[in-house]
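J.: Have a look at the structure that comes next, please.
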2 protein chains.
Amino acid sequence: MTTESTGPSGNDDGFHVFDTTLRDGAQREGINLTVADKLSIARYLDEFGVGFIEGGWPGANPRDTEFFARAQQEIDFQHAQLVAFGSTRRPGAKASEDPQVKALVESGAPVVTLVAKSHDRHVELALRTTLDENLAMIRDTVSYLREQGRRVFVDCEHFFDGYRANPEYAKSVVRAAAEAGADVVVLCDTNGGMLPAQIQAVVTTVLADTGARLGIHAQDDTGCAVANTLAAVDAGATHVQCTANGYGERVGNANLFPVVAALELKYDQRVLPPGALAEMTRISHAIAEVVNLVPSTHQPYVGVSAFAHKAGLHASAIKVDPDLYQHIAPELVGNSMRMLVSDMAGRASIELKGKELGVDLGGDRDLVARVVGRVKERELKGYTYEAADASFELLLREEAEGKPRVYFRTESWRAIVEDRPDGTHANEATVKIWAKGERIVATAEGNGPVNALDRAMRVGLERIYPQLAKFQLVDYKVRILEGKHGTDSTTRVLVTTSDGTGEWSTVGVAENVIAASWQALEDAYTYGLLRAGAEPAE
Amino acid sequence: MTTESTGPSGNDDGFHVFDTTLRDGAQREGINLTVADKLSIARYLDEFGVGFIEGGWPGANPRDTEFFARAQQEIDFQHAQLVAFGSTRRPGAKASEDPQVKALVESGAPVVTLVAKSHDRHVELALRTTLDENLAMIRDTVSYLREQGRRVFVDCEHFFDGYRANPEYAKSVVRAAAEAGADVVVLCDTNGGMLPAQIQAVVTTVLADTGARLGIHAQDDTGCAVANTLAAVDAGATHVQCTANGYGERVGNANLFPVVAALELKYDQRVLPPGALAEMTRISHAIAEVVNLVPSTHQPYVGVSAFAHKAGLHASAIKVDPDLYQHIAPELVGNSMRMLVSDMAGRASIELKGKELGVDLGGDRDLVARVVGRVKERELKGYTYEAADASFELLLREEAEGKPRVYFRTESWRAIVEDRPDGTHANEATVKIWAKGERIVATAEGNGPVNALDRAMRVGLERIYPQLAKFQLVDYKVRILEGKHGTDSTTRVLVTTSDGTGEWSTVGVAENVIAASWQALEDAYTYGLLRAGAEPAE
């Protein structure tokens with residue numbers, strides 16, 4: 001097991017943490033990323049401090065091309081370098097004239113990962129070319145990209161299966177890539193069928209025989225992707241390819257979070273910027289929200305159950321010394337210990353959260369207990385405050401100040417959606433609101449029922465609160481809770497609103513999507529008016 | 001890596017597959033088993049062919065006591081032996097007089113697993129006795145149970161942490177257990193913090209130094225429980241403790257299914273009765289149903305995504321030879337390959353998908369091109385077919401047959417959601433539909449606008465298509481696309497419908513959630529009627 005320290009930053013070239021959530025992770029069934037999603041995930045990954053972010057295959061589809069253009073304009077990367085993924089040139093063509101290779105250069109990414117065949121059968125059956133031409137394709141494409149000033153990594157697809165079938169050819173692929181100027185040759189267990197002992201043996205031999213700098217790309221088909229990645233590191237690999245939350249095709253890829261946690265906490269090898277590991281739980285959950293998948297409750301290190309204790313046998317001993325019953329202090333990865341039955345919102349975190357929001361809960365144990373109680377009660381109903389800071393702050397202030405901030409009161413509302421015989425839709429909403437002693441009835445149309453409600457609200461309130469004119473809904477997420485009851489499930493809506501200088505998020509939960517949206521909108525307007533310093537109506 | 005064959009049955013004493021789903025697995029957050037649940041799971045595990053089923057802790061709670069009584073009466077075990085779990089005697093008492101030990105004997109189970117402390121700090125801080133008395137407790141309890149005719153296994157709790165702190169004491173615990181007559185001494189990574197290389201080194205040394213028969217019990221806190229279990233087997237352990245689907249405290253236990261699959265398929269070691277491995281997917285899902293958890297879609301070997309392919313790059317090669325892109329034939333574990341249709345996929349995957357759905361697109365290149373074109377065009381609008389097989393099949397059939405299957409036509413619909421001054425909501429929908437030449441106007445209420453539309457549709461159509469009575473919405477998912485445009489974004493809805501014998505998924509995309517839901521419902525009804533063999537209206 002390696003114990004050398006390679007410096008404080010993920011950018012350190014001694015060891016590469018290479019993330020491929022945006023390319024290989026996006027192959028997971030059920031994930032379909034927009035450009036906005038990809039930009040958002042890239043920001044989280046850079047914040048976490050990975051050294052490389054593989055963004056996609058520029059030229060292969062318009063979305064990936066757009067991502068590379070916008071990422072370089074819009075993101076001020078602090079730690080990561082952007083990587084374009086592509087393939088070696090076509091058989092019998094020149095690398096410099098291959099449009100696919102050109103698109104890699106045009107993406108502007110400083111690093112390119114080239115996928116290359118290393119299994120002889122794949123060269124012959126899938127690529128339909130000769131073993132020699134495949135080597136020439138690797139050499140030419142790597143050399144060409146190096147001439148264009150790019151750093152090049154080569155992913156040897158199906159390396160371990162290929163090595164089993166024809167070890168000499170597999171090694172000649174590694175040599176061809178390294179000799180042509182690839183900085184890292186990545187051995188890929190593309191079908192994911194390997195076990196750690198096999199990975200370790202092959203990496204050891206290939207390293208000894210080729211002298212190339214090696215990386216590892218593991219898939220989780222045997223449930224061993226994390227262990228396979230670490231086995232390669234044990235054998236001398238210094239570049240690990242992973243995805244956030246293990247997203248990826250079939251079962252998934254090696255999960256970035258337990259791999260990085262093992263390196264930092266078990267190998268004592270610094271691979272992230274200082275302080276980043278303690279953000280891991282939050283970043284894992286945030287990325288899950290962006291891809292719209294429920295965060296896995298049982299994910300190692302970051303799952304809400306990862307440090308939850310149920311066994312009576314353990315519970316009494318934990319009181320004596322928590323370290324007896326946990327392999328690491330959960331705070332190291334931004335998680336926390338929970339005793340079941342209990343909940344996520346402990347006193348300490350509520351106090352911390354209050355401090356973060358500028359609400360001092362200092363010595364007031366009663367107040368903290370009341371807030372914890374309300375959070376528990378509301379989370380039981382499906383609310384989540386982790387992603388709805390503004391709703392949480394309203395709740396906190398209500399308890400601290402003894403009454404809610406009220407800028408308006410809703411009497412009733414109605415939304416109508418109509419599908420007309422010509423196929424167009426009419427969406428109309430009416431709201432009846434009281435504000436500063438006045439009863440306001442307003443009606444508006446929109447391109448959906450929530451949009452119509454939002455507009456009716458503005459029409460009605462803007463005269464009284466001109467600050468509203470600046471508010472804009474910038475994100476809207478719906479999640480159906482308890483997925484096994486069809487359309488009568490509980491619905492949770494998260495809304496993000498902007499006033500041009502900042503953004504805030506609010507939550508609503510109800511038996512239907514419109515009612516849940518309305519709740520989130522009410523909180524969004526209330527918080528926005530509070531933020532704008534508007535005078536409360538009551 | 002071991003390659004010896006130990007005979008055809010899980011009962012073979014050369015290698016033990018020991019399941020602890022009913023004891024340690026039940027510690028998982030969210031699992032709460034009744035006696036009936038436990039009996040049902042025990043039947044599945046016996047059918048699967050594990051050698052030992054640890055049923056619980058008799059005497060510790062009435063449920064476990066009842067389980068042991070009923071399991072021995074009601075289940076005709078074909079492969080497994082029932083195991084009672086308990087603790088060594090209390091400090092300073094006689095094993096024969098300890099009521100907890102007595103309950104183990106009275107359970108009637110032929111095998112007993114005793115948990116024993118092997119970490120010196122735990123002996124002192126949690127057990128509050130001396131290191132010597134702990135050894136005496138182990139010797140006495142094992143001897144007493146052997147005198148009572150029971151086979152005894154000893155679980156050394158916290159063995160690996162204990163070994164790190166005090167290797168000599170940890171080994172003395174193993175020796176005490178083996179010398180007193182325990183058949184297997186199980187080294188437990190109770191806190192789950194170990195990595196495979198560490199497990200392998202410790203098991204190797206302990207085996208060499210004590211000569212005891214060793215077992216392994218791994219927890220998944222580092223994401224390496226399967227690999228840790230296999231590392232122990234590599235080092236000479238011949239008894240693996242696992243749980244179905246990896247259920248267990250915190251992150252969970254070593255997952256029975258990938259461990260057994262690795263032993264059978266990768267080690268070529270028979271640990272199950274003939275034919276049992278091919279039942280693995282069904283048994284995994286059945287146990288998930290009993291414990292009332294959604295089966296993990298991404299579980300190795302048995303998840304519905306475990307052999308699902310999305311990338312167009314791969315799909316063309318899969319047509320040539322599926323073994324190029326899967327590490328085992330999915331049929332070996334009772335699973336099957338699936339092609340996902342997405343904008344990353346090309347012609348090859350569409351053809352394969354057609355074959356899977358029983359629609360021959362064989363030589364018709366024009367037809368395939370039309371289908372690819374329509375899929376691309378619709379995916380650009382936000383549709384996704386990878387999770388909506390039924391909508392894809394309708395599209396495919398429409399292109400293959402030259403016209404869509406039409407059972408009804410929508411003239412118009414309207415949904416009204418009203419928030420009343422008393423805080424309750426009224427949801428009402430009206431649909432105007434044509435079916436078999438008849439114009440139907442139907443109105444219904446629901447607990448949300450989509451539920452109201454669904455009910456109105458049924459009210460209107462059930463008289464004409466009585467098959468509809470069996471349809472039930474079982475899952476409903478909403479995704480807002482292009483998350484950066486607030487409430488005027490595009491909305492995608494995925495609906496899963498069941499008719500009691502099967503499930504199908506459909507998709508709708510529109511500028512608002514109600515219109516998108518309506519589209520998905522239309523497809524759901526159309527596909528369900530097609531599936532039921534109903535006569536089209538036109």
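Each chain in the structure tokens gets a letter, A, B and so on, in the order shown; residues start at 1 in every chain, and ligands are counted from 1 in the order they appear.
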Would you please extract all strand (DSSP E) residues from stretch 43-104 of chain B, as assigned by DSSP on the backbone, and give them as a PyMOL selection string?
T.: chain B and resi 52-56+81-87
J.: For A:Pro110, please output as a ChimeraX atom specification all residues within 12 Å (counting only C-alpha atoms; exclusion window: fewer than 6 positions along the same chain).
T.: /A:52-55,68,72,80-85,104,145-146,148-153
J.: Export, as a tab-separated table (two decimals), in the first residue's frame, the selected residues with N, CA and C atoms.
T.:
chain	number	residue	atom	x	y	z
A	52	PHE	N	-8.88	16.44	-13.12
A	52	PHE	CA	-9.31	16.41	-14.51
A	52	PHE	C	-10.81	16.15	-14.59
A	53	ILE	N	-11.47	16.87	-15.47
A	53	ILE	CA	-12.91	16.66	-15.71
A	53	ILE	C	-13.10	16.34	-17.19
A	54	GLU	N	-13.45	15.09	-17.46
A	54	GLU	CA	-13.72	14.70	-18.85
A	54	GLU	C	-15.15	15.13	-19.17
A	55	GLY	N	-15.29	16.05	-20.12
A	55	GLY	CA	-16.57	16.71	-20.33
A	55	GLY	C	-17.47	16.08	-21.36
A	68	PHE	N	-18.30	22.27	-24.17
A	68	PHE	CA	-16.90	22.69	-24.14
A	68	PHE	C	-16.76	24.19	-24.36
A	72	GLN	N	-15.54	26.67	-20.95
A	72	GLN	CA	-14.32	27.48	-20.97
A	72	GLN	C	-14.61	28.97	-20.81
A	80	ALA	N	-9.42	21.96	-11.59
A	80	ALA	CA	-9.49	20.92	-12.62
A	80	ALA	C	-9.08	21.44	-13.99
A	81	GLN	N	-8.59	20.52	-14.80
A	81	GLN	CA	-8.41	20.81	-16.22
A	81	GLN	C	-9.49	20.08	-17.00
A	82	LEU	N	-9.96	20.72	-18.06
A	82	LEU	CA	-11.01	20.15	-18.87
A	82	LEU	C	-10.41	19.15	-19.86
A	83	VAL	N	-11.08	18.02	-20.01
A	83	VAL	CA	-10.58	16.96	-20.89
A	83	VAL	C	-11.62	16.63	-21.95
A	84	ALA	N	-11.20	16.59	-23.21
A	84	ALA	CA	-12.09	16.15	-24.30
A	84	ALA	C	-11.82	14.68	-24.57
A	85	PHE	N	-12.89	13.92	-24.78
A	85	PHE	CA	-12.77	12.49	-25.07
A	85	PHE	C	-13.02	12.27	-26.54
A	104	LEU	N	-11.74	17.45	-31.66
A	104	LEU	CA	-11.09	17.40	-30.34
A	104	LEU	C	-10.20	18.62	-30.16
A	145	LEU	N	-2.00	15.12	-31.97
A	145	LEU	CA	-2.55	15.94	-30.88
A	145	LEU	C	-1.43	16.58	-30.06
A	146	ARG	N	-0.32	15.87	-29.92
A	146	ARG	CA	0.82	16.45	-29.20
A	146	ARG	C	1.37	17.65	-30.00
A	148	GLN	N	-0.32	19.55	-31.76
A	148	GLN	CA	-1.27	20.65	-31.58
A	148	GLN	C	-1.22	21.21	-30.15
A	149	GLY	N	-0.26	20.73	-29.37
A	149	GLY	CA	-0.07	21.30	-28.04
A	149	GLY	C	-0.96	20.71	-26.96
A	150	ARG	N	-1.56	19.56	-27.25
A	150	ARG	CA	-2.44	18.97	-26.24
A	150	ARG	C	-1.70	17.92	-25.42
A	151	ARG	N	-2.10	17.82	-24.17
A	151	ARG	CA	-1.64	16.72	-23.35
A	151	ARG	C	-2.55	15.54	-23.70
A	152	VAL	N	-1.99	14.33	-23.81
A	152	VAL	CA	-2.80	13.19	-24.26
A	152	VAL	C	-2.73	12.04	-23.26
A	153	PHE	N	-3.92	11.52	-22.91
A	153	PHE	CA	-4.04	10.27	-22.16
A	153	PHE	C	-4.67	9.27	-23.12
J.: DSSP says alpha helix (DSSP H) for which residues of stretch 378-495 of chain A? Put them as a PyMOL selection string?
T.: chain A and resi 378-381+389-401+449-461
J.: Excluding stretch 91-94 of chain B and residues on its chain fewer than 3 positions from it, collect all residues at most 12 Å away from it, counting only C-alpha atoms, and give them as a PyMOL selection string.
T.: chain B and resi 87-88+97-102+123-124+127-144
J.: Selected residues, N, CA, C and O atoms, written as a CSV table (one decimal), in the first residue's frame, please.
T.:
chain,number,residue,atom,x,y,z
B,87,SER,N,-24.6,-14.8,22.2
B,87,SER,CA,-23.3,-14.3,22.7
B,87,SER,C,-22.7,-15.3,23.7
B,87,SER,O,-23.3,-16.2,24.1
B,88,THR,N,-21.4,-15.1,23.9
B,88,THR,CA,-20.7,-15.9,25.0
B,88,THR,C,-21.4,-15.6,26.3
B,88,THR,O,-22.1,-14.5,26.4
B,97,GLU,N,-25.7,-22.0,33.1
B,97,GLU,CA,-26.7,-21.3,33.9
B,97,GLU,C,-27.1,-20.0,33.3
B,97,GLU,O,-28.0,-19.3,33.8
B,98,ASP,N,-26.5,-19.6,32.1
B,98,ASP,CA,-26.8,-18.3,31.5
B,98,ASP,C,-28.0,-18.5,30.7
B,98,ASP,O,-28.1,-19.3,29.7
B,99,PRO,N,-29.1,-17.7,31.0
B,99,PRO,CA,-30.4,-17.9,30.3
B,99,PRO,C,-30.2,-17.6,28.8
B,99,PRO,O,-30.9,-18.2,28.0
B,100,GLN,N,-29.4,-16.6,28.5
B,100,GLN,CA,-29.2,-16.3,27.1
B,100,GLN,C,-28.6,-17.5,26.3
B,100,GLN,O,-29.0,-17.8,25.2
B,101,VAL,N,-27.6,-18.2,26.9
B,101,VAL,CA,-27.0,-19.4,26.3
B,101,VAL,C,-28.1,-20.5,26.2
B,101,VAL,O,-28.1,-21.3,25.2
B,102,LYS,N,-28.8,-20.7,27.3
B,102,LYS,CA,-29.9,-21.7,27.3
B,102,LYS,C,-30.9,-21.5,26.2
B,102,LYS,O,-31.3,-22.5,25.6
B,123,VAL,N,-13.2,-5.4,24.9
B,123,VAL,CA,-13.3,-6.3,26.1
B,123,VAL,C,-13.4,-5.4,27.4
B,123,VAL,O,-14.2,-5.5,28.2
B,124,GLU,N,-12.5,-4.4,27.4
B,124,GLU,CA,-12.4,-3.6,28.6
B,124,GLU,C,-13.4,-2.5,28.7
B,124,GLU,O,-14.0,-2.3,29.8
B,127,LEU,N,-17.4,-4.6,27.2
B,127,LEU,CA,-17.7,-5.7,28.0
B,127,LEU,C,-17.4,-5.6,29.5
B,127,LEU,O,-18.0,-6.2,30.3
B,128,ARG,N,-16.5,-4.7,29.8
B,128,ARG,CA,-16.1,-4.4,31.2
B,128,ARG,C,-15.7,-5.6,31.9
B,128,ARG,O,-16.1,-5.9,33.0
B,129,THR,N,-14.8,-6.4,31.3
B,129,THR,CA,-14.2,-7.5,32.0
B,129,THR,C,-12.7,-7.6,31.6
B,129,THR,O,-12.2,-6.8,30.9
B,130,THR,N,-12.0,-8.6,32.1
B,130,THR,CA,-10.6,-8.8,31.8
B,130,THR,C,-10.4,-9.5,30.5
B,130,THR,O,-11.3,-10.3,30.1
B,131,LEU,N,-9.2,-9.4,30.0
B,131,LEU,CA,-8.9,-10.1,28.8
B,131,LEU,C,-8.9,-11.6,29.0
B,131,LEU,O,-9.4,-12.4,28.1
B,132,ASP,N,-8.5,-12.1,30.2
B,132,ASP,CA,-8.5,-13.5,30.5
B,132,ASP,C,-9.9,-14.0,30.6
B,132,ASP,O,-10.2,-15.1,30.2
B,133,GLU,N,-10.7,-13.3,31.3
B,133,GLU,CA,-12.1,-13.7,31.5
B,133,GLU,C,-12.8,-13.8,30.2
B,133,GLU,O,-13.6,-14.8,30.0
B,134,ASN,N,-12.5,-12.9,29.3
B,134,ASN,CA,-13.1,-13.0,27.9
B,134,ASN,C,-12.8,-14.3,27.3
B,134,ASN,O,-13.6,-15.0,26.7
B,135,LEU,N,-11.5,-14.8,27.4
B,135,LEU,CA,-11.1,-16.0,26.8
B,135,LEU,C,-11.8,-17.2,27.5
B,135,LEU,O,-12.3,-18.1,26.8
B,136,ALA,N,-12.0,-17.1,28.8
B,136,ALA,CA,-12.7,-18.2,29.5
B,136,ALA,C,-14.2,-18.2,29.1
B,136,ALA,O,-14.7,-19.3,29.0
B,137,MET,N,-14.8,-17.1,28.9
B,137,MET,CA,-16.2,-17.0,28.4
B,137,MET,C,-16.3,-17.7,27.1
B,137,MET,O,-17.3,-18.4,26.9
B,138,ILE,N,-15.3,-17.5,26.2
B,138,ILE,CA,-15.4,-18.2,24.9
B,138,ILE,C,-15.3,-19.7,25.1
B,138,ILE,O,-16.1,-20.5,24.6
B,139,ARG,N,-14.2,-20.1,25.8
B,139,ARG,CA,-14.0,-21.5,26.0
B,139,ARG,C,-15.2,-22.2,26.6
B,139,ARG,O,-15.7,-23.2,26.1
B,140,ASP,N,-15.7,-21.6,27.7
B,140,ASP,CA,-16.8,-22.3,28.4
B,140,ASP,C,-18.1,-22.4,27.6
B,140,ASP,O,-18.7,-23.4,27.5
B,141,THR,N,-18.4,-21.3,26.8
B,141,THR,CA,-19.6,-21.3,26.1
B,141,THR,C,-19.5,-22.3,24.9
B,141,THR,O,-20.5,-23.0,24.6
B,142,VAL,N,-18.4,-22.3,24.2
B,142,VAL,CA,-18.2,-23.2,23.1
B,142,VAL,C,-18.3,-24.6,23.6
B,142,VAL,O,-19.1,-25.5,23.1
B,143,SER,N,-17.6,-24.9,24.7
B,143,SER,CA,-17.6,-26.3,25.2
B,143,SER,C,-19.0,-26.8,25.6
B,143,SER,O,-19.4,-27.9,25.3
B,144,TYR,N,-19.7,-25.9,26.3
B,144,TYR,CA,-21.0,-26.2,26.8
B,144,TYR,C,-22.0,-26.5,25.6
B,144,TYR,O,-22.7,-27.5,25.6
J.: In Å, how far is it from atom CA of A:Ile328 to atom CA of A:Val304?
T.: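 Going from atom CA of A:Ile328 over to atom CA of A:Val304 covers 15.0 Å.
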J.: Have a look at atom CA of A:Glu399 and atom CA of A:Ala520 and let me know their distance in Å, one decimal.
T.: 19.2 Å
J.: Can you work out the spacing between atom CA of B:Ser412 and atom CA of B:Ala390 in Å, to one decimal?
T.: 23.5 Å
J.: When you count only C-alpha atoms, which of these residues is closest to chain B: A:Thr526, A:Ser118, A:Thr496, A:Gln73?
T.: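 Distance minimum relative to chain B lands on A:Thr496.
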J.: Near A:Gln200, within 9 Å and counting only C-alpha atoms, which residues show up once chain neighbours fewer than 6 positions away are dropped, as a PyMOL selection string?
T.: chain A and resi 228+230-236
J.: Name all residues at most 8 Å from stretch 354-360 of chain B (count only C-alpha atoms; drop same-chain ones fewer than 2 positions away) and give them as a VMD selection string.
T.: chain B and resid 338 350 to 352 362 393 396 to 397
J.: Those residues with N, CA, C and O atoms, as a tab-separated table (two decimals), in the first residue's frame please?
T.:
chain	number	residue	atom	x	y	z
B	338	ARG	N	-30.23	-5.90	-22.30
B	338	ARG	CA	-31.21	-4.95	-22.83
B	338	ARG	C	-30.48	-3.86	-23.57
B	338	ARG	O	-29.41	-3.43	-23.18
B	350	ILE	N	-31.12	0.23	-32.52
B	350	ILE	CA	-32.55	0.23	-32.85
B	350	ILE	C	-32.96	-1.16	-33.35
B	350	ILE	O	-34.00	-1.70	-32.96
B	351	GLU	N	-32.13	-1.74	-34.21
B	351	GLU	CA	-32.44	-3.07	-34.73
B	351	GLU	C	-32.50	-4.11	-33.61
B	351	GLU	O	-33.40	-4.94	-33.54
B	352	LEU	N	-31.51	-4.03	-32.70
B	352	LEU	CA	-31.47	-4.97	-31.59
B	352	LEU	C	-32.68	-4.79	-30.69
B	352	LEU	O	-33.27	-5.75	-30.21
B	362	GLY	N	-35.46	-6.46	-39.56
B	362	GLY	CA	-34.47	-7.20	-40.32
B	362	GLY	C	-33.72	-6.42	-41.38
B	362	GLY	O	-32.86	-5.59	-41.11
B	393	GLU	N	-42.09	1.17	-28.39
B	393	GLU	CA	-42.71	0.11	-29.20
B	393	GLU	C	-43.86	0.67	-30.03
B	393	GLU	O	-44.05	0.28	-31.19
B	396	LEU	N	-42.30	2.39	-32.93
B	396	LEU	CA	-41.74	1.38	-33.83
B	396	LEU	C	-42.85	0.75	-34.68
B	396	LEU	O	-42.75	0.61	-35.90
B	397	ARG	N	-43.94	0.38	-34.01
B	397	ARG	CA	-45.05	-0.26	-34.71
B	397	ARG	C	-45.69	0.71	-35.70
B	397	ARG	O	-46.10	0.32	-36.79
J.: Taking into account only C-alpha atoms, which residue in the set A:Pro466, A:Gly252, A:Pro404, A:Gly334 is nearest to chain B?
T.: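 With only C-alpha atoms as the atom set, the closest residue is A:Gly252.
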J.: For stretch 185-192 of chain A, please output as a tab-separated table (two decimals) with N, CA and C atoms, in the first residue's frame all residues within 6 Å (counting only C-alpha atoms; exclusion window: fewer than 5 positions along the same chain).
T.:
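Full text of around_7.tsv as output:
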chain	number	residue	atom	x	y	z
A	153	PHE	N	-3.92	11.52	-22.91
A	153	PHE	CA	-4.04	10.27	-22.16
A	153	PHE	C	-4.67	9.27	-23.12
A	154	VAL	N	-4.27	8.01	-23.03
A	154	VAL	CA	-4.89	7.00	-23.89
A	154	VAL	C	-5.62	5.96	-23.04
A	155	ASP	N	-6.92	5.80	-23.29
A	155	ASP	CA	-7.74	4.77	-22.62
A	155	ASP	C	-7.66	3.49	-23.43
A	156	CYS	N	-7.05	2.44	-22.89
A	156	CYS	CA	-7.00	1.16	-23.59
A	156	CYS	C	-8.26	0.38	-23.26
A	157	GLU	N	-9.18	0.42	-24.20
A	157	GLU	CA	-10.47	-0.23	-24.01
A	157	GLU	C	-10.29	-1.75	-23.91
A	158	HIS	N	-11.06	-2.39	-23.04
A	158	HIS	CA	-11.02	-3.86	-22.89
A	158	HIS	C	-9.61	-4.36	-22.63
A	159	PHE	N	-8.82	-3.57	-21.90
A	159	PHE	CA	-7.42	-3.98	-21.74
A	159	PHE	C	-7.28	-5.33	-21.05
A	160	PHE	N	-8.03	-5.55	-19.97
A	160	PHE	CA	-7.79	-6.76	-19.18
A	160	PHE	C	-8.26	-8.03	-19.89
A	214	LEU	N	0.87	4.44	-15.78
A	214	LEU	CA	-0.40	3.74	-15.97
A	214	LEU	C	-1.53	4.35	-15.15
A	215	GLY	N	-2.74	4.26	-15.72
A	215	GLY	CA	-3.95	4.65	-15.02
A	215	GLY	C	-4.90	3.46	-15.00
A	216	ILE	N	-5.99	3.62	-14.24
A	216	ILE	CA	-6.97	2.53	-14.14
A	216	ILE	C	-8.37	3.09	-14.35
A	217	HIS	N	-9.18	2.36	-15.09
A	217	HIS	CA	-10.59	2.71	-15.32
A	217	HIS	C	-11.37	1.43	-15.06
A	218	ALA	N	-12.10	1.38	-13.96
A	218	ALA	CA	-12.80	0.16	-13.57
A	218	ALA	C	-14.31	0.33	-13.64
A	219	GLN	N	-14.98	-0.71	-14.08
A	219	GLN	CA	-16.46	-0.75	-14.05
A	219	GLN	C	-16.88	-1.73	-12.96
A	220	ASP	N	-18.12	-1.59	-12.47
A	220	ASP	CA	-18.50	-2.25	-11.23
A	220	ASP	C	-19.28	-3.55	-11.40
A	221	ASP	N	-19.13	-4.22	-12.52
A	221	ASP	CA	-19.97	-5.39	-12.80
A	221	ASP	C	-19.78	-6.55	-11.82
B	325	TYR	N	-18.96	-7.44	-25.31
B	325	TYR	CA	-19.35	-6.34	-24.43
B	325	TYR	C	-20.06	-6.76	-23.15
B	326	GLN	N	-19.90	-8.01	-22.74
B	326	GLN	CA	-20.42	-8.37	-21.42
B	326	GLN	C	-19.48	-9.39	-20.79
B	327	HIS	N	-19.31	-9.26	-19.48
B	327	HIS	CA	-18.28	-10.09	-18.83
B	327	HIS	C	-18.75	-11.51	-18.60
J.: Would you please work out which residue, of A:Gly528, A:Pro330, A:Gly275, A:Gly508, is nearest to chain B when using only C-alpha atoms?
T.: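 Of A:Gly528, A:Pro330, A:Gly275, A:Gly508, the one nearest chain B is A:Pro330, counting only C-alpha atoms.
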J.: Which is closer to chain A than all the others in B:Ala26, B:Leu468, B:Leu33, B:Val206, using only C-alpha atoms?
T.: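 Distance minimum relative to chain A lands on B:Ala26.
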J.: Excluding same-chain residues fewer than 4 positions from stretch 431-448 of chain A, what lies within 7 Å of it counting only C-alpha atoms, as a PyMOL selection string?
T.: (chain A and resi 407-414+427+452+455-457+459-460+537) or (chain B and resi 488+511-512)
